[in-house]
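run-v2.tsv, holding TSV, C-alpha atoms and all ligand atoms:
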chain	number	residue	atom	x	y	z
A	1	MET	CA	174.69	33.69	50.82
A	2	THR	CA	176.64	32.33	47.83
A	3	LYS	CA	174.21	30.60	45.51
A	4	VAL	CA	175.43	27.66	43.39
A	5	LEU	CA	173.14	26.55	40.58
A	6	VAL	CA	173.37	23.07	39.07
A	7	ALA	CA	171.79	23.47	35.62
A	8	THR	CA	171.62	20.16	33.80
A	9	ASP	CA	169.12	19.26	31.12
A	10	LYS	CA	170.60	15.74	31.35
A	11	PRO	CA	170.93	15.42	35.15
A	12	PHE	CA	173.79	13.93	37.13
A	13	ALA	CA	173.12	10.62	38.89
A	14	LYS	CA	171.45	11.11	42.30
A	15	VAL	CA	174.59	10.03	44.15
A	16	ALA	CA	176.54	12.79	42.32
A	17	VAL	CA	173.92	15.42	43.16
A	18	ASP	CA	173.99	14.33	46.83
A	19	GLY	CA	177.80	14.66	46.85
A	20	ILE	CA	177.70	18.09	45.18
A	21	LYS	CA	175.07	19.25	47.70
A	22	ARG	CA	177.19	18.08	50.64
A	23	ILE	CA	180.32	19.90	49.35
A	24	ILE	CA	178.40	23.12	48.63
A	25	GLU	CA	176.51	23.15	51.94
A	26	GLU	CA	179.60	22.28	54.02
A	27	ALA	CA	181.21	25.38	52.50
A	28	GLY	CA	178.24	27.42	53.80
A	29	PHE	CA	176.78	27.99	50.33
A	30	GLU	CA	173.28	27.30	49.02
A	31	LEU	CA	172.59	24.75	46.26
A	32	VAL	CA	169.81	25.27	43.71
A	33	LEU	CA	168.88	22.56	41.20
A	34	LEU	CA	167.51	23.06	37.70
A	35	GLU	CA	167.24	19.65	36.06
A	36	LYS	CA	165.62	18.41	32.84
A	37	TYR	CA	164.63	21.93	31.82
A	38	THR	CA	162.88	22.07	28.48
A	39	GLU	CA	163.04	25.77	27.61
A	40	LYS	CA	165.85	28.28	27.64
A	41	LYS	CA	163.62	30.67	29.60
A	42	GLN	CA	163.84	28.35	32.62
A	43	LEU	CA	167.63	28.60	32.50
A	44	LEU	CA	167.50	32.39	32.03
A	45	ASP	CA	165.27	32.69	35.15
A	46	ALA	CA	167.39	30.31	37.23
A	47	VAL	CA	170.72	32.07	36.55
A	48	LYS	CA	169.46	35.53	37.65
A	49	ASP	CA	170.82	35.36	41.20
A	50	ALA	CA	173.37	32.54	40.81
A	51	ASN	CA	176.96	33.27	41.84
A	52	ALA	CA	178.25	30.00	40.43
A	53	ILE	CA	176.91	27.44	37.93
A	54	ILE	CA	177.73	23.79	37.37
A	55	ILE	CA	176.75	22.49	33.93
A	56	ARG	CA	177.26	19.41	31.77
A	57	SER	CA	176.66	19.88	28.03
A	58	ASP	CA	174.26	22.77	28.72
A	59	ILE	CA	174.73	25.87	26.58
A	60	ILE	CA	176.04	29.00	28.30
A	61	ASP	CA	175.91	31.73	25.67
A	62	ALA	CA	175.95	35.53	25.75
A	63	GLU	CA	172.20	35.70	26.48
A	64	VAL	CA	172.56	33.47	29.55
A	65	LEU	CA	175.58	35.47	30.72
A	66	ASP	CA	173.64	38.75	30.25
A	67	ALA	CA	170.87	37.37	32.47
A	68	ALA	CA	173.31	36.17	35.16
A	69	LYS	CA	174.16	39.48	36.78
A	70	GLU	CA	175.72	37.97	39.94
A	71	LEU	CA	177.71	35.25	38.20
A	72	LYS	CA	181.41	34.77	39.02
A	73	ILE	CA	182.14	31.25	37.76
A	74	VAL	CA	180.82	28.51	35.45
A	75	VAL	CA	182.24	25.00	35.75
A	76	ARG	CA	181.66	22.48	32.99
A	77	ALA	CA	181.67	19.07	34.70
A	78	GLY	CA	183.68	17.25	32.03
A	79	ALA	CA	186.58	17.85	29.69
A	80	GLY	CA	185.18	19.63	26.61
A	81	TYR	CA	183.85	23.18	27.05
A	82	ASP	CA	182.82	24.23	23.54
A	83	ASN	CA	179.25	24.64	24.91
A	84	VAL	CA	180.37	27.79	26.77
A	85	ASP	CA	180.92	31.09	24.94
A	86	LEU	CA	184.37	31.82	26.38
A	87	ALA	CA	184.72	35.28	24.82
A	88	ALA	CA	181.34	36.36	26.22
A	89	ALA	CA	182.26	34.92	29.64
A	90	THR	CA	185.52	36.86	29.66
A	91	ALA	CA	183.66	40.03	28.62
A	92	HIS	CA	181.28	39.47	31.57
A	93	ASN	CA	184.25	38.87	33.91
A	94	VAL	CA	183.11	35.29	34.53
A	95	CYS	CA	185.68	32.56	35.14
A	96	VAL	CA	185.08	29.35	33.14
A	97	MET	CA	186.59	26.03	34.22
A	98	ASN	CA	186.40	22.40	33.14
A	99	THR	CA	187.24	19.34	35.24
A	100	PRO	CA	190.07	17.67	33.34
A	101	GLY	CA	191.14	14.13	34.12
A	102	GLN	CA	187.94	13.04	35.84
A	103	ASN	CA	186.87	10.74	33.00
A	104	SER	CA	190.33	9.57	31.95
A	105	ASN	CA	190.17	6.15	33.55
A	106	ALA	CA	186.73	5.55	32.02
A	107	VAL	CA	188.07	6.30	28.52
A	108	ALA	CA	191.24	4.27	29.11
A	109	GLU	CA	189.32	1.18	30.25
A	110	LEU	CA	187.19	1.44	27.10
A	111	VAL	CA	190.36	1.56	24.97
A	112	LEU	CA	191.55	-1.76	26.37
A	113	GLY	CA	188.05	-3.24	26.04
A	114	MET	CA	187.89	-2.15	22.39
A	115	LEU	CA	191.35	-3.58	21.79
A	116	VAL	CA	190.43	-6.99	23.15
A	117	TYR	CA	187.19	-7.03	21.14
A	118	LEU	CA	188.95	-5.99	17.92
A	119	ASN	CA	191.78	-8.49	18.35
A	120	ARG	CA	189.31	-11.32	19.05
A	121	ASN	CA	187.63	-10.59	15.70
A	122	LEU	CA	184.59	-8.96	17.27
A	123	PHE	CA	183.87	-12.19	19.20
A	124	ASN	CA	182.85	-13.90	15.96
A	125	GLY	CA	184.02	-17.31	17.09
A	126	THR	CA	187.27	-17.37	15.08
A	127	SER	CA	190.84	-17.45	16.41
A	128	GLY	CA	192.14	-13.98	17.33
A	129	ALA	CA	195.29	-12.39	18.73
A	130	GLU	CA	196.57	-11.62	22.24
A	131	LEU	CA	197.73	-8.24	23.49
A	132	MET	CA	200.62	-9.47	25.67
A	133	GLY	CA	203.98	-8.57	24.13
A	134	LYS	CA	202.42	-6.34	21.44
A	135	LYS	CA	203.84	-2.85	20.93
A	136	LEU	CA	201.23	-0.25	21.87
A	137	GLY	CA	201.81	3.35	20.74
A	138	ILE	CA	200.07	6.12	22.62
A	139	LEU	CA	199.68	9.28	20.54
A	140	ALA	CA	199.48	12.12	23.11
A	141	TYR	CA	200.50	11.34	26.65
A	142	GLY	CA	197.89	13.39	28.52
A	143	ASN	CA	195.33	12.32	31.13
A	144	VAL	CA	193.78	9.55	29.03
A	145	GLY	CA	197.05	8.44	27.44
A	146	ARG	CA	198.68	7.97	30.86
A	147	ASN	CA	195.80	5.81	32.08
A	148	VAL	CA	195.93	3.69	28.92
A	149	ALA	CA	199.66	3.14	29.56
A	150	ARG	CA	198.99	2.08	33.17
A	151	ILE	CA	196.36	-0.50	32.20
A	152	ALA	CA	198.22	-1.76	29.09
A	153	LYS	CA	201.28	-2.53	31.22
A	154	GLY	CA	199.03	-4.84	33.25
A	155	PHE	CA	198.24	-6.71	30.02
A	156	GLY	CA	201.99	-7.18	29.49
A	157	MET	CA	202.08	-4.83	26.49
A	158	ASP	CA	205.25	-3.04	25.41
A	159	VAL	CA	204.16	0.60	25.74
A	160	TYR	CA	205.51	3.53	23.67
A	161	ALA	CA	204.34	7.15	23.59
A	162	TYR	CA	204.80	10.40	21.72
A	163	ASP	CA	203.52	13.79	22.87
A	164	GLN	CA	204.48	17.07	21.25
A	165	PHE	CA	204.48	18.85	24.60
A	166	VAL	CA	205.61	16.18	27.11
A	167	SER	CA	209.35	15.52	27.34
A	168	ALA	CA	210.86	12.09	26.66
A	169	ALA	CA	212.25	12.14	30.21
A	170	ASN	CA	208.78	12.61	31.71
A	171	ILE	CA	207.40	9.75	29.60
A	172	GLU	CA	210.33	7.48	30.44
A	173	LYS	CA	210.09	7.99	34.17
A	174	GLU	CA	206.62	6.40	34.07
A	175	GLY	CA	208.05	3.21	32.57
A	176	VAL	CA	206.88	4.04	29.04
A	177	LYS	CA	209.24	4.19	26.03
A	178	PRO	CA	209.33	7.65	24.43
A	179	VAL	CA	209.70	7.91	20.65
A	180	ALA	CA	211.09	10.94	18.83
A	181	SER	CA	208.18	11.71	16.51
A	182	ARG	CA	204.60	10.88	15.64
A	183	ASP	CA	205.70	9.05	12.50
A	184	ALA	CA	208.23	6.97	14.46
A	185	LEU	CA	205.40	5.88	16.78
A	186	PHE	CA	203.41	4.51	13.83
A	187	GLU	CA	206.53	2.85	12.36
A	188	THR	CA	207.34	1.17	15.69
A	189	CYS	CA	203.99	0.01	17.04
A	190	ASP	CA	201.57	-2.84	16.22
A	191	ILE	CA	198.71	-0.88	17.74
A	192	VAL	CA	198.26	2.90	17.98
A	193	SER	CA	195.74	4.54	20.32
A	194	LEU	CA	194.84	8.18	19.59
A	195	HIS	CA	194.60	10.72	22.44
A	196	ILE	CA	195.34	13.98	20.64
A	197	PRO	CA	192.97	16.91	21.02
A	198	LYS	CA	191.24	18.47	18.02
A	199	THR	CA	193.42	21.40	16.94
A	200	PRO	CA	194.05	22.99	13.52
A	201	GLU	CA	197.21	20.88	13.38
A	202	THR	CA	195.57	17.54	14.24
A	203	VAL	CA	192.39	17.78	12.13
A	204	LYS	CA	192.46	15.01	9.47
A	205	SER	CA	196.06	14.28	10.48
A	206	ILE	CA	195.49	10.51	10.77
A	207	ASN	CA	195.48	9.30	7.19
A	208	ALA	CA	196.50	6.43	4.90
A	209	GLU	CA	200.04	7.75	4.46
A	210	LEU	CA	200.62	7.54	8.21
A	211	LEU	CA	198.93	4.16	8.68
A	212	ALA	CA	200.99	2.69	5.82
A	213	LYS	CA	204.02	3.08	8.12
A	214	MET	CA	202.58	0.53	10.56
A	215	PRO	CA	203.65	-3.12	10.54
A	216	LYS	CA	201.50	-5.85	8.99
A	217	GLY	CA	198.43	-6.60	11.10
A	218	GLY	CA	198.40	-3.01	12.39
A	219	CYS	CA	195.55	-1.76	14.47
A	220	LEU	CA	194.21	1.74	15.20
A	221	ILE	CA	191.97	2.77	18.10
A	222	ASN	CA	190.30	6.19	18.20
A	223	THR	CA	188.72	7.48	21.39
A	224	ALA	CA	189.86	11.07	20.74
A	225	ARG	CA	187.80	13.06	18.23
A	226	GLN	CA	186.15	12.26	14.91
A	227	GLU	CA	187.78	15.26	13.25
A	228	VAL	CA	191.36	14.02	13.69
A	229	ILE	CA	190.67	11.18	11.24
A	230	ASP	CA	190.80	11.53	7.47
A	231	GLU	CA	187.85	9.16	7.07
A	232	GLU	CA	187.88	8.80	3.30
A	233	SER	CA	191.60	8.08	3.27
A	234	ILE	CA	191.32	5.42	6.01
A	235	CYS	CA	188.47	3.71	4.18
A	236	LYS	CA	190.59	3.43	1.01
A	237	PHE	CA	193.55	2.20	3.06
A	238	MET	CA	191.51	-0.54	4.72
A	239	ALA	CA	190.25	-1.74	1.34
A	240	GLU	CA	193.88	-2.21	0.22
A	241	ARG	CA	195.34	-3.44	3.50
A	242	THR	CA	193.09	-6.35	4.40
A	243	ASP	CA	195.28	-7.08	7.46
A	244	PHE	CA	194.51	-3.70	9.08
A	245	LYS	CA	192.00	-3.25	11.91
A	246	TYR	CA	190.26	-0.10	13.13
A	247	ALA	CA	187.93	0.63	16.04
A	248	THR	CA	186.48	3.98	17.01
A	249	ASP	CA	184.40	5.45	19.82
A	250	ILE	CA	183.24	8.21	17.51
A	251	LYS	CA	181.09	6.92	14.65
A	252	PRO	CA	182.52	8.17	11.35
A	253	ALA	CA	180.38	9.84	8.69
A	254	ASN	CA	181.18	6.86	6.41
A	255	ASP	CA	180.24	4.21	9.03
A	256	ALA	CA	177.96	2.34	6.60
A	257	GLU	CA	180.78	2.09	4.05
A	258	MET	CA	183.31	1.05	6.71
A	259	ALA	CA	180.96	-1.72	7.87
A	260	LYS	CA	182.02	-3.71	4.79
A	261	PHE	CA	185.32	-4.44	6.61
A	262	GLU	CA	183.54	-7.09	8.58
A	263	GLY	CA	185.39	-8.50	11.59
A	264	ARG	CA	188.10	-5.81	11.51
A	265	TYR	CA	186.15	-2.56	11.94
A	266	PHE	CA	183.67	-1.36	14.50
A	267	ALA	CA	182.33	1.87	15.94
A	268	THR	CA	180.55	2.15	19.27
A	269	PRO	CA	176.88	3.03	18.66
A	270	LYS	CA	177.27	6.27	20.61
A	271	LYS	CA	180.35	7.93	22.14
A	272	MET	CA	180.87	5.80	25.25
A	273	GLY	CA	184.32	6.77	26.56
A	274	ALA	CA	183.20	8.88	29.50
A	275	GLN	CA	179.86	7.15	30.00
A	276	THR	CA	180.35	5.58	33.41
A	277	ALA	CA	178.69	6.20	36.74
A	278	GLU	CA	182.11	6.89	38.27
A	279	ALA	CA	183.15	9.49	35.67
A	280	ASN	CA	179.79	11.22	36.05
A	281	ILE	CA	180.19	11.39	39.83
A	282	ASN	CA	183.89	12.38	39.75
A	283	ALA	CA	183.29	15.29	37.37
A	284	GLY	CA	180.34	16.63	39.43
A	285	LEU	CA	182.24	16.47	42.72
A	286	ALA	CA	185.34	18.05	41.15
A	287	ALA	CA	183.17	20.90	39.82
A	288	ALA	CA	181.73	21.54	43.31
A	289	ASN	CA	185.18	21.45	44.93
A	290	GLN	CA	186.61	23.81	42.29
A	291	ILE	CA	183.80	26.32	42.91
A	292	VAL	CA	184.40	26.28	46.68
A	293	ASP	CA	188.16	26.70	46.18
A	294	PHE	CA	187.63	29.54	43.69
A	295	ILE	CA	185.18	31.49	45.85
A	296	LYS	CA	186.99	30.93	49.17
A	297	ASN	CA	190.63	31.02	48.00
A	298	GLY	CA	190.60	32.49	44.49
A	299	ASN	CA	192.09	29.28	43.04
A	300	GLU	CA	191.89	29.51	39.23
A	301	LYS	CA	193.96	26.40	38.41
A	302	PHE	CA	191.43	24.93	35.99
A	303	ARG	CA	190.39	28.23	34.36
A	304	VAL	CA	190.07	27.87	30.57
A	305	ASN	CA	189.32	31.51	29.62
A	306	LYS	CA	192.61	32.97	30.83
B	401	LIG	P1	194.69	16.08	27.89
B	401	LIG	O1	194.54	17.54	27.64
B	401	LIG	O2	194.94	15.60	29.27
B	401	LIG	O3	195.89	15.52	26.98
B	401	LIG	C1	196.07	15.88	25.64
B	401	LIG	C2	197.55	15.70	25.31
B	401	LIG	O4	197.72	15.95	23.92
B	401	LIG	C3	198.48	16.67	26.04
B	401	LIG	O5	199.47	15.95	26.77
B	401	LIG	C4	199.11	17.48	24.91
B	401	LIG	O6	200.46	17.82	25.18
B	401	LIG	C5	199.01	16.52	23.74
B	401	LIG	N1	199.03	17.11	22.42
B	401	LIG	C6	198.41	18.24	21.99
B	401	LIG	N2	198.64	18.41	20.67
B	401	LIG	C7	199.40	17.36	20.27
B	401	LIG	C8	199.96	16.99	19.02
B	401	LIG	N3	199.76	17.72	17.91
B	401	LIG	N4	200.72	15.86	18.95
B	401	LIG	C9	200.94	15.12	20.06
B	401	LIG	N5	200.44	15.42	21.28
B	401	LIG	C10	199.67	16.54	21.37
B	401	LIG	O7	193.39	15.41	27.25
B	401	LIG	P2	192.77	13.98	27.62
B	401	LIG	O8	191.85	14.14	28.77
B	401	LIG	O9	193.86	12.99	27.68
B	401	LIG	O10	191.86	13.73	26.34
B	401	LIG	C11	192.45	13.42	25.08
B	401	LIG	C12	191.41	13.45	23.99
B	401	LIG	O11	190.40	12.48	24.27
B	401	LIG	C13	190.68	14.79	23.84
B	401	LIG	O12	190.70	15.14	22.48
B	401	LIG	C14	189.25	14.54	24.20
B	401	LIG	O13	188.35	15.22	23.37
B	401	LIG	C15	189.12	13.05	23.99
B	401	LIG	N6	188.15	12.49	24.96
B	401	LIG	C16	187.26	11.59	24.47
B	401	LIG	C17	186.34	11.03	25.34
B	401	LIG	C18	185.36	10.01	24.85
B	401	LIG	O14	184.27	9.94	25.40
B	401	LIG	N7	185.72	9.19	23.87
B	401	LIG	C19	186.31	11.42	26.69
B	401	LIG	C20	187.28	12.30	27.15
B	401	LIG	C21	188.21	12.84	26.26

Could you render the structure as structure tokens?
Ligand code: NAD
Amino acid sequence: MTKVLVATDKPFAKVAVDGIKRIIEEAGFELVLLEKYTEKKQLLDAVKDANAIIIRSDIIDAEVLDAAKELKIVVRAGAGYDNVDLAAATAHNVCVMNTPGQNSNAVAELVLGMLVYLNRNLFNGTSGAELMGKKLGILAYGNVGRNVARIAKGFGMDVYAYDQFVSAANIEKEGVKPVASRDALFETCDIVSLHIPKTPETVKSINAELLAKMPKGGCLINTARQEVIDEESICKFMAERTDFKYATDIKPANDAEMAKFEGRYFATPKKMGAQTAEANINAGLAAANQIVDFIKNGNEKFRVNK
């Protein structure tokens, strides 16, 4: 019988585990749980006869793959998969997938929450600004960017987007205004929300030079990755441009220094974008469904080690 191991040192919520179990058992497979393990040896023992594994931020390296002689597929319940050694998985003929899009609404809701908080001066009792009618620029129109656009329209915002790999026509047909370049997005919009992935091209790409293109009272929201920000440059920029506001879901290395921009800077204490019960459940169920579809039908749609 096909054996599916859920190996999570930080377990899914019970309701997610129950859902995963139902999907796996309805497919005629067996579910094995390894939760809150404290030593790698426990993982190495558990993977021995597993045909499929669902993980969260658990590490799947060459040693684990060596021990997992029957393994066909690993699914990371979540978007990022840098905790899996993709080259080793490919060498072991193991398919690796993630579950993209399952936490997008969670991140997008946080973006709007952060925007309200920032524009009401961190709820410090002083008069703030409204979002209705403001120009919101979405940098990268992927899963999160699209959800931000959907919610922002409900706030009455004027929504613009730029994505290097999504055509203007595809952006426009969703009722969002496409702009021709990244720089044009910053020139046009009062608020820019970052949704670019970390790539060699995007690392440290958000800097003072770019922010200087924004109108007075500009505002930047980062729920993407810490590495895309040139932190030193932004800190200098905010010292000069006392009208500029910045909020981030990924605490910068210079957080203590940034804290001097009282009332117009904040970082969430811990990355919170995907931290919702719903996102946790969605990603777990998607992982279980993807495993069933892969084993029964060979569907490799979400494979990341092509
Ligand atoms: P996604 O893959 O669905 O979308 C990414 C988009 O970026 C794609 O449309 C792609 O075409 C575009 N893109 C790539 N390079 C670009 C570039 N140089 N310029 C413009 N566009 C570019 O990803 P997503 O699910 O929307 O996630 C976006 C980012 O948010 C990721 O970096 C991810 O790490 C981050 N994220 C953060 C949290 C959190 O907890 N804060 C949670 C989930 C995702």

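In this structure, atom CA of A:Ala161 sits 24.5 Å away from atom CA of A:Ala279.
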
>> Can you tell me which residues surround A:Lys213 at a distance of at most 8 Å, considering all atoms listed in the file, apart from same-chain residues fewer than 5 positions away, and format the answer as a count of residues only?
In response: 3

Would you place a box with edges along x, y and z of the file around all atoms of ligand LIG 401 (chain B) listed there, add 6 Å to each of its six sides, and report the centre and edge lengths in Å to one decimal, as lines of an AutoDock Vina configuration file?
center_x = 192.6
center_y = 13.8
center_z = 23.6
size_x = 28.7
size_y = 21.2
size_z = 23.4

Hey, could you make a per-residue contact list for chain A against ligand LIG 401 (chain B) with 8 Å as the cut-off, showing the nearest pair of atoms and its distance in Å to one decimal, counting all atoms listed in the file, sorted by chain and number, as a tab-separated table?
residue	atom	partner	partner_atom	distance
A:Gly78	CA	B:LIG401	C20	7.8
A:Ala79	CA	B:LIG401	C20	6.1
A:Gly80	CA	B:LIG401	O13	6.3
A:Pro100	CA	B:LIG401	O8	6.0
A:Gly101	CA	B:LIG401	O8	5.4
A:Asn103	CA	B:LIG401	C20	6.1
A:Ser104	CA	B:LIG401	O8	5.8
A:Ala106	CA	B:LIG401	C19	7.9
A:Val107	CA	B:LIG401	C19	5.7
A:Leu139	CA	B:LIG401	C9	6.0
A:Ala140	CA	B:LIG401	N5	3.9
A:Tyr141	CA	B:LIG401	O5	4.7
A:Gly142	CA	B:LIG401	O3	3.3
A:Asn143	CA	B:LIG401	O2	3.8
A:Val144	CA	B:LIG401	O9	3.7
A:Gly145	CA	B:LIG401	O9	5.6
A:Arg146	CA	B:LIG401	O9	7.7
A:Tyr162	CA	B:LIG401	C9	6.3
A:Asp163	CA	B:LIG401	N5	3.8
A:Gln164	CA	B:LIG401	C9	4.2
A:Phe165	CA	B:LIG401	O6	4.2
A:Val166	CA	B:LIG401	O6	5.7
A:Arg182	CA	B:LIG401	N4	7.1
A:Leu194	CA	B:LIG401	C12	7.7
A:His195	CA	B:LIG401	C11	4.3
A:Ile196	CA	B:LIG401	O4	4.5
A:Pro197	CA	B:LIG401	O12	3.2
A:Lys198	CA	B:LIG401	O12	5.6
A:Thr199	CA	B:LIG401	N2	7.1
A:Glu201	CA	B:LIG401	N3	6.1
A:Thr202	CA	B:LIG401	N3	5.6
A:Asn222	CA	B:LIG401	N7	7.9
A:Thr223	CA	B:LIG401	N7	4.3
A:Ala224	CA	B:LIG401	O11	3.8
A:Arg225	CA	B:LIG401	O12	5.5
A:Asp249	CA	B:LIG401	N7	5.7
A:Ile250	CA	B:LIG401	N7	6.9
A:Lys271	CA	B:LIG401	O14	5.5
A:Met272	CA	B:LIG401	O14	5.4
A:Gly273	CA	B:LIG401	O14	3.4
A:Ala274	CA	B:LIG401	O14	4.4
A:Gln275	CA	B:LIG401	O14	7.0

Keeping only C-alpha atoms, write the selected residues as a PDB file, in the frame of the given file.
ATOM      1  CA  GLY A  78     183.680  17.250  32.030  1.00  0.00           C
ATOM      2  CA  ALA A  79     186.580  17.850  29.690  1.00  0.00           C
ATOM      3  CA  GLY A  80     185.180  19.630  26.610  1.00  0.00           C
ATOM      4  CA  PRO A 100     190.070  17.670  33.340  1.00  0.00           C
ATOM      5  CA  GLY A 101     191.140  14.130  34.120  1.00  0.00           C
ATOM      6  CA  ASN A 103     186.870  10.740  33.000  1.00  0.00           C
ATOM      7  CA  SER A 104     190.330   9.570  31.950  1.00  0.00           C
ATOM      8  CA  ALA A 106     186.730   5.550  32.020  1.00  0.00           C
ATOM      9  CA  VAL A 107     188.070   6.300  28.520  1.00  0.00           C
ATOM     10  CA  LEU A 139     199.680   9.280  20.540  1.00  0.00           C
ATOM     11  CA  ALA A 140     199.480  12.120  23.110  1.00  0.00           C
ATOM     12  CA  TYR A 141     200.500  11.340  26.650  1.00  0.00           C
ATOM     13  CA  GLY A 142     197.890  13.390  28.520  1.00  0.00           C
ATOM     14  CA  ASN A 143     195.330  12.320  31.130  1.00  0.00           C
ATOM     15  CA  VAL A 144     193.780   9.550  29.030  1.00  0.00           C
ATOM     16  CA  GLY A 145     197.050   8.440  27.440  1.00  0.00           C
ATOM     17  CA  ARG A 146     198.680   7.970  30.860  1.00  0.00           C
ATOM     18  CA  TYR A 162     204.800  10.400  21.720  1.00  0.00           C
ATOM     19  CA  ASP A 163     203.520  13.790  22.870  1.00  0.00           C
ATOM     20  CA  GLN A 164     204.480  17.070  21.250  1.00  0.00           C
ATOM     21  CA  PHE A 165     204.480  18.850  24.600  1.00  0.00           C
ATOM     22  CA  VAL A 166     205.610  16.180  27.110  1.00  0.00           C
ATOM     23  CA  ARG A 182     204.600  10.880  15.640  1.00  0.00           C
ATOM     24  CA  LEU A 194     194.840   8.180  19.590  1.00  0.00           C
ATOM     25  CA  HIS A 195     194.600  10.720  22.440  1.00  0.00           C
ATOM     26  CA  ILE A 196     195.340  13.980  20.640  1.00  0.00           C
ATOM     27  CA  PRO A 197     192.970  16.910  21.020  1.00  0.00           C
ATOM     28  CA  LYS A 198     191.240  18.470  18.020  1.00  0.00           C
ATOM     29  CA  THR A 199     193.420  21.400  16.940  1.00  0.00           C
ATOM     30  CA  GLU A 201     197.210  20.880  13.380  1.00  0.00           C
ATOM     31  CA  THR A 202     195.570  17.540  14.240  1.00  0.00           C
ATOM     32  CA  ASN A 222     190.300   6.190  18.200  1.00  0.00           C
ATOM     33  CA  THR A 223     188.720   7.480  21.390  1.00  0.00           C
ATOM     34  CA  ALA A 224     189.860  11.070  20.740  1.00  0.00           C
ATOM     35  CA  ARG A 225     187.800  13.060  18.230  1.00  0.00           C
ATOM     36  CA  ASP A 249     184.400   5.450  19.820  1.00  0.00           C
ATOM     37  CA  ILE A 250     183.240   8.210  17.510  1.00  0.00           C
ATOM     38  CA  LYS A 271     180.350   7.930  22.140  1.00  0.00           C
ATOM     39  CA  MET A 272     180.870   5.800  25.250  1.00  0.00           C
ATOM     40  CA  GLY A 273     184.320   6.770  26.560  1.00  0.00           C
ATOM     41  CA  ALA A 274     183.200   8.880  29.500  1.00  0.00           C
ATOM     42  CA  GLN A 275     179.860   7.150  30.000  1.00  0.00           C
TER      43      GLN A 275
END

> Taking (179.9, 28.3, 47.2) in the file's coordinates, which residues come within 12 Å, counting all atoms listed in the file, written as an NGL selection string?
Replying inline: :A and (1-6 or 20-32 or 50-54 or 71-74 or 287-298)

>> Between atom CA of A:Leu43 and atom CA of A:Ile59, what distance in Å does the model show, to one decimal?
In response: 9.6 Å

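Atom pair atom CA of A:Ala77 / atom CA of A:Ala247 has a distance of 27.0 Å (rounded to one decimal).
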